[in-house]
Amino acid sequence: MTRREQGSGRFRAVRGALAALTALGTLAGAALLGAAPASGVPGAAPAVTEIAPGVEYRDYDIPTPRGTAHAHVLDVDLRHPGVRVGLLYPGAVGARQPVSTLADQAGAVAGVNGDFFNITETQHPGVEATGAPVGPAIAAGHTLKAAVPDGQRFGPALPPGTTTEDVIGVGVDRRARLDRLTLDGSVRTREARLPLGGLNQYALPVGSVGAFTSDWGVTSRVRATCGTDTDRGAPCSTDTYEVTVRGGRVAAVADTPGRGAIAAGTTVLVGREAGAQQLRKLALGDPVHVRHRLVPSASDTPYRFVVGGYPLLRGGAPLPGLDDRTSAVRTAAGIDEGGRRLVLLALDGAPEFRGGLTIAEVAAFLRELGAEDGFSLDGGGSSTLAAREPGAPAVSVRNHPSGGAERPVPNGIGVFSRA
């Protein structure tokens, strides 16, 4: 049996007690020793529900030193011709909806929540929280946004060597992979060619110019000029400027970022500090050309779908420095060696399971499920896994969100079936 076949077999079922996970080096001392099925019958395989051909659901009890965690798992066979995955989102970057709503509106048979996001602005009174995600996002091959600076992200500290540009995605070759997407863009005027510092982001690098398109939505753009590259809570900039470009020419200017829908074919440029000073040189009617693209670091295959988060497992080995102390309710994704199987995991937030897992334990559990690469998504009150019972008209939430109800989120991973 090949290594890939072995990995795929583990993906299909975890039977009896799991191998000791301390062998992975992710846990200090004894910790996650096994996963029993939800039924609690020792040695029994967890019950399997076929959501659709090529899509299966299982749940597991996971003993930990802190008590039992409960995992809800979707096994997605990307080799199946009727199966695909894609980005769930509300139609705008700066907007949020519950996972179940996103899934039903998109016609997905299952889904989990996605990236961390701009959830609050308590440090900037009067500034609207955008709800926009941290990292890059691509939907149906269309680039929606780029990543905010590392110091502006929401969520737990990034593992060493990772950035807000890290993503999980599926290419046009139907293979899932981890990658890193960097914004490459510019603003060309008569006098200068300026580097583009952001695309539909809730936070722009200090001194930069960012572009906002119709994908952003109606949410205020003020938050983009708050904080610094290293301090999310730093005051908002007092040196800002906004330029609206329509038909390749300056159509409007303003001293402060605005809000409201942006028409298709129109780009709003927001500058802060040095970027604002450059934009002030423009006059109504001046020609401006804006270009932007996301450049992958690892793959030449175009992406059909991408969502942000951070990696925790590469080549079957956990990343160095993963947190093995802080436990929480988590959402994560795993990829098998060939990129043809995707596992989506959400922990249960019911009181009896709320102890959750550490990031190190999540990496170990994904490995036991057959994943070679693993990726952490938003957790806590955002953790949600929804799936449709065969024949049902809508999805139902399979885990218990820790807040007692689904939290509206900016995006998620949707599973679709043509069967």
# chains A, B, ... in the order shown; residues from 1 in each chain; ligands from 1

$ residues_around --residues "Ser402 of chain A" --least-positions-apart "3" --cutoff "9 Å" --atoms "only C-alpha atoms" --output "list of chain:residue names"
A:Val329, A:Asp348, A:Gly349, A:Ala350, A:Pro351, A:Arg354, A:Gly380, A:Gly381, A:Ser382, A:Ser383, A:Ala405, A:Glu406

$ write_last_selection --atoms "all heavy atoms" --output "mmCIF file, in the first residue's frame"
data_model
loop_
_atom_site.group_PDB
_atom_site.id
_atom_site.type_symbol
_atom_site.label_atom_id
_atom_site.label_comp_id
_atom_site.auth_asym_id
_atom_site.auth_seq_id
_atom_site.Cartn_x
_atom_site.Cartn_y
_atom_site.Cartn_z
ATOM 1 N N VAL A 329 -12.071 26.176 21.456
ATOM 2 C CA VAL A 329 -12.855 25.616 20.359
ATOM 3 C C VAL A 329 -12.209 26.085 19.054
ATOM 4 O O VAL A 329 -11.875 27.262 18.909
ATOM 5 C CB VAL A 329 -14.316 26.079 20.464
ATOM 6 C CG1 VAL A 329 -15.133 25.569 19.288
ATOM 7 C CG2 VAL A 329 -14.917 25.607 21.784
ATOM 8 N N ASP A 348 -16.801 21.177 18.938
ATOM 9 C CA ASP A 348 -18.082 21.507 19.543
ATOM 10 C C ASP A 348 -17.884 22.500 20.674
ATOM 11 O O ASP A 348 -16.938 22.393 21.463
ATOM 12 C CB ASP A 348 -18.751 20.239 20.068
ATOM 13 C CG ASP A 348 -20.252 20.379 20.147
ATOM 14 O OD1 ASP A 348 -20.722 21.111 21.047
ATOM 15 O OD2 ASP A 348 -20.955 19.780 19.317
ATOM 16 N N GLY A 349 -18.795 23.483 20.761
ATOM 17 C CA GLY A 349 -18.699 24.490 21.797
ATOM 18 C C GLY A 349 -19.676 24.312 22.937
ATOM 19 O O GLY A 349 -19.845 25.223 23.762
ATOM 20 N N ALA A 350 -20.333 23.127 23.017
ATOM 21 C CA ALA A 350 -21.230 22.865 24.150
ATOM 22 C C ALA A 350 -20.434 22.911 25.445
ATOM 23 O O ALA A 350 -19.238 22.617 25.465
ATOM 24 C CB ALA A 350 -21.899 21.501 23.982
ATOM 25 N N PRO A 351 -21.062 23.279 26.586
ATOM 26 C CA PRO A 351 -20.320 23.434 27.843
ATOM 27 C C PRO A 351 -19.464 22.232 28.214
ATOM 28 O O PRO A 351 -18.339 22.395 28.703
ATOM 29 C CB PRO A 351 -21.427 23.665 28.866
ATOM 30 C CG PRO A 351 -22.526 24.309 28.086
ATOM 31 C CD PRO A 351 -22.483 23.665 26.731
ATOM 32 N N ARG A 354 -16.269 22.408 25.965
ATOM 33 C CA ARG A 354 -15.726 23.725 25.654
ATOM 34 C C ARG A 354 -14.236 23.861 25.959
ATOM 35 O O ARG A 354 -13.593 24.824 25.552
ATOM 36 C CB ARG A 354 -16.521 24.810 26.381
ATOM 37 C CG ARG A 354 -16.411 26.174 25.733
ATOM 38 C CD ARG A 354 -17.473 27.123 26.274
ATOM 39 N NE ARG A 354 -18.808 26.727 25.801
ATOM 40 C CZ ARG A 354 -19.935 27.229 26.276
ATOM 41 N NH1 ARG A 354 -19.896 28.112 27.259
ATOM 42 N NH2 ARG A 354 -21.098 26.846 25.798
ATOM 43 N N GLY A 380 -13.268 29.678 18.411
ATOM 44 C CA GLY A 380 -14.105 30.278 19.439
ATOM 45 C C GLY A 380 -15.564 30.311 19.031
ATOM 46 O O GLY A 380 -16.125 29.333 18.546
ATOM 47 N N GLY A 381 -16.187 31.469 19.205
ATOM 48 C CA GLY A 381 -17.594 31.614 18.866
ATOM 49 C C GLY A 381 -17.898 31.523 17.389
ATOM 50 O O GLY A 381 -19.054 31.379 16.987
ATOM 51 N N SER A 382 -16.843 31.593 16.547
ATOM 52 C CA SER A 382 -17.049 31.489 15.098
ATOM 53 C C SER A 382 -17.135 30.048 14.621
ATOM 54 O O SER A 382 -17.676 29.789 13.538
ATOM 55 C CB SER A 382 -15.907 32.190 14.350
ATOM 56 O OG SER A 382 -15.853 33.565 14.648
ATOM 57 N N SER A 383 -16.580 29.105 15.399
ATOM 58 C CA SER A 383 -16.487 27.718 14.934
ATOM 59 C C SER A 383 -17.869 27.128 14.645
ATOM 60 O O SER A 383 -18.700 26.994 15.547
ATOM 61 C CB SER A 383 -15.768 26.857 15.969
ATOM 62 O OG SER A 383 -14.388 27.110 15.953
ATOM 63 N N ALA A 405 -25.286 30.476 19.785
ATOM 64 C CA ALA A 405 -25.929 30.651 18.479
ATOM 65 C C ALA A 405 -24.839 30.917 17.461
ATOM 66 O O ALA A 405 -23.714 31.283 17.811
ATOM 67 C CB ALA A 405 -26.928 31.804 18.507
ATOM 68 N N GLU A 406 -25.183 30.748 16.192
ATOM 69 C CA GLU A 406 -24.200 31.008 15.144
ATOM 70 C C GLU A 406 -23.749 32.467 15.160
ATOM 71 O O GLU A 406 -24.576 33.378 15.274
ATOM 72 C CB GLU A 406 -24.790 30.713 13.770
ATOM 73 C CG GLU A 406 -24.867 29.270 13.386
ATOM 74 C CD GLU A 406 -25.258 29.134 11.923
ATOM 75 O OE1 GLU A 406 -24.371 29.210 11.061
ATOM 76 O OE2 GLU A 406 -26.455 28.957 11.671
#

$ residues_around --residues "Gly135 of chain A" --least-positions-apart "4" --cutoff "9 Å" --atoms "only C-alpha atoms" --output "ChimeraX atom specification"
/A:115-117,145-148,153,163-167,181,201,307-309

$ write_last_selection --atoms "C-alpha atoms" --output "compact mmCIF listing (two decimals), in the first residue's frame"
# COMPACT_ATOMS: atom_id res chain seq x y z
CA ASP A 115 -10.85 33.40 8.19
CA PHE A 116 -10.31 35.54 11.28
CA PHE A 117 -11.82 39.01 10.89
CA LYS A 145 -8.95 41.03 -1.35
CA ALA A 146 -5.38 40.92 -0.10
CA ALA A 147 -3.93 40.50 3.40
CA VAL A 148 -3.70 43.14 6.13
CA ARG A 153 -4.70 40.87 12.39
CA THR A 163 2.05 35.59 7.98
CA THR A 164 -1.37 36.98 7.17
CA GLU A 165 -0.62 36.14 3.52
CA ASP A 166 -0.83 32.38 4.19
CA VAL A 167 -3.83 30.65 2.61
CA LEU A 181 -0.40 35.14 -1.71
CA GLN A 201 -8.52 45.59 3.30
CA VAL A 307 -9.28 31.64 2.20
CA GLY A 308 -6.92 32.97 4.87
CA GLY A 309 -5.83 31.64 8.25

$ select_by_dssp --residues "segment 206-293 of chain A" --states "helix (DSSP H, G or I)" --output "PyMOL selection string"
chain A and resi 222-225+274-279

$ closest_atom_pairs --of "segment 64-104 of chain A" --to "segment 294-303 of chain A" --cutoff "12 Å" --atoms "only C-alpha atoms" --output "CSV"
residue,atom,partner,partner_atom,distance
A:Val85,CA,A:Tyr303,CA,11.5
A:Gly86,CA,A:Tyr303,CA,10.3
A:Leu87,CA,A:Tyr303,CA,11.3

$ closest_residue --among "A:Asp378, A:Glu273, A:Asp75, A:Asp59" --to "Leu344 of chain A" --atoms "only C-alpha atoms"
A:Asp75

$ select_by_dssp --residues "segment 30-218 of chain A" --states "strand (DSSP E)" --output "PyMOL selection string"
chain A and resi 36-37+49-52+55-64+67-77+83-88+110-113+137-139+142-145+166-171+176-188+193-199+209-212

$ closest_residue --among "A:Thr219, A:Thr64, A:Thr266, A:Asn113" --to "Leu385 of chain A" --atoms "only C-alpha atoms"
A:Asn113

$ residues_around --residues "Thr122 of chain A" --least-positions-apart "2" --cutoff "12 Å" --atoms "only C-alpha atoms" --output "ChimeraX atom specification"
/A:118-120,124-129,223,232-235

$ write_last_selection --atoms "C-alpha atoms" --output "PDB file, in the first residue's frame"
ATOM      1  CA  ASN A 118     -12.209  42.592  12.082  1.00  0.00           C
ATOM      2  CA  ILE A 119     -14.765  41.838  14.766  1.00  0.00           C
ATOM      3  CA  THR A 120     -14.548  44.905  17.025  1.00  0.00           C
ATOM      4  CA  HIS A 124     -11.131  53.248  18.034  1.00  0.00           C
ATOM      5  CA  PRO A 125     -14.378  54.757  19.380  1.00  0.00           C
ATOM      6  CA  GLY A 126     -16.682  55.907  16.616  1.00  0.00           C
ATOM      7  CA  VAL A 127     -14.966  53.768  13.971  1.00  0.00           C
ATOM      8  CA  GLU A 128     -17.110  51.079  12.368  1.00  0.00           C
ATOM      9  CA  ALA A 129     -15.875  47.487  12.588  1.00  0.00           C
ATOM     10  CA  ARG A 223     -10.864  51.658   9.528  1.00  0.00           C
ATOM     11  CA  ARG A 232      -3.630  47.290  15.758  1.00  0.00           C
ATOM     12  CA  GLY A 233      -4.896  49.578  18.519  1.00  0.00           C
ATOM     13  CA  ALA A 234      -2.813  52.643  17.620  1.00  0.00           C
ATOM     14  CA  PRO A 235      -4.838  55.803  16.868  1.00  0.00           C
TER      15      PRO A 235
END

$ closest_residue --among "A:Ala386, A:Ala106, A:Val73, A:Ala137" --to "Pro410 of chain A" --atoms "only C-alpha atoms"
A:Ala137

$ residues_around --residues "Val362 of chain A" --least-positions-apart "4" --cutoff "8 Å" --atoms "only C-alpha atoms" --output "list of chain:residue names"
A:Arg330, A:Ala332, A:Leu357, A:Thr358, A:Leu366

$ write_last_selection --atoms "C-alpha atoms" --output "tab-separated table (two decimals), in the first residue's frame"
chain	number	residue	atom	x	y	z
A	330	ARG	CA	-11.25	25.48	16.89
A	332	ALA	CA	-9.29	23.73	10.88
A	357	LEU	CA	-7.90	21.60	21.91
A	358	THR	CA	-4.60	23.43	21.70
A	366	LEU	CA	-5.42	16.30	11.60

$ atom_distance --atom1 "atom CA of Phe305 of chain A" --atom2 "atom CA of Gly334 of chain A"
15.3 Å

$ residues_around --residues "Lys281 of chain A" --least-positions-apart "2" --cutoff "12 Å" --atoms "only C-alpha atoms" --output "list in words"
Thr189, Arg190, Glu191, Ala192, Tyr241, Glu242, Val243, Val250, Val253, Gly271, Ala274, Gly275, Ala276, Gln277, Gln278, Leu279, Ala283, Leu284, Asp286 and Val288 of chain A
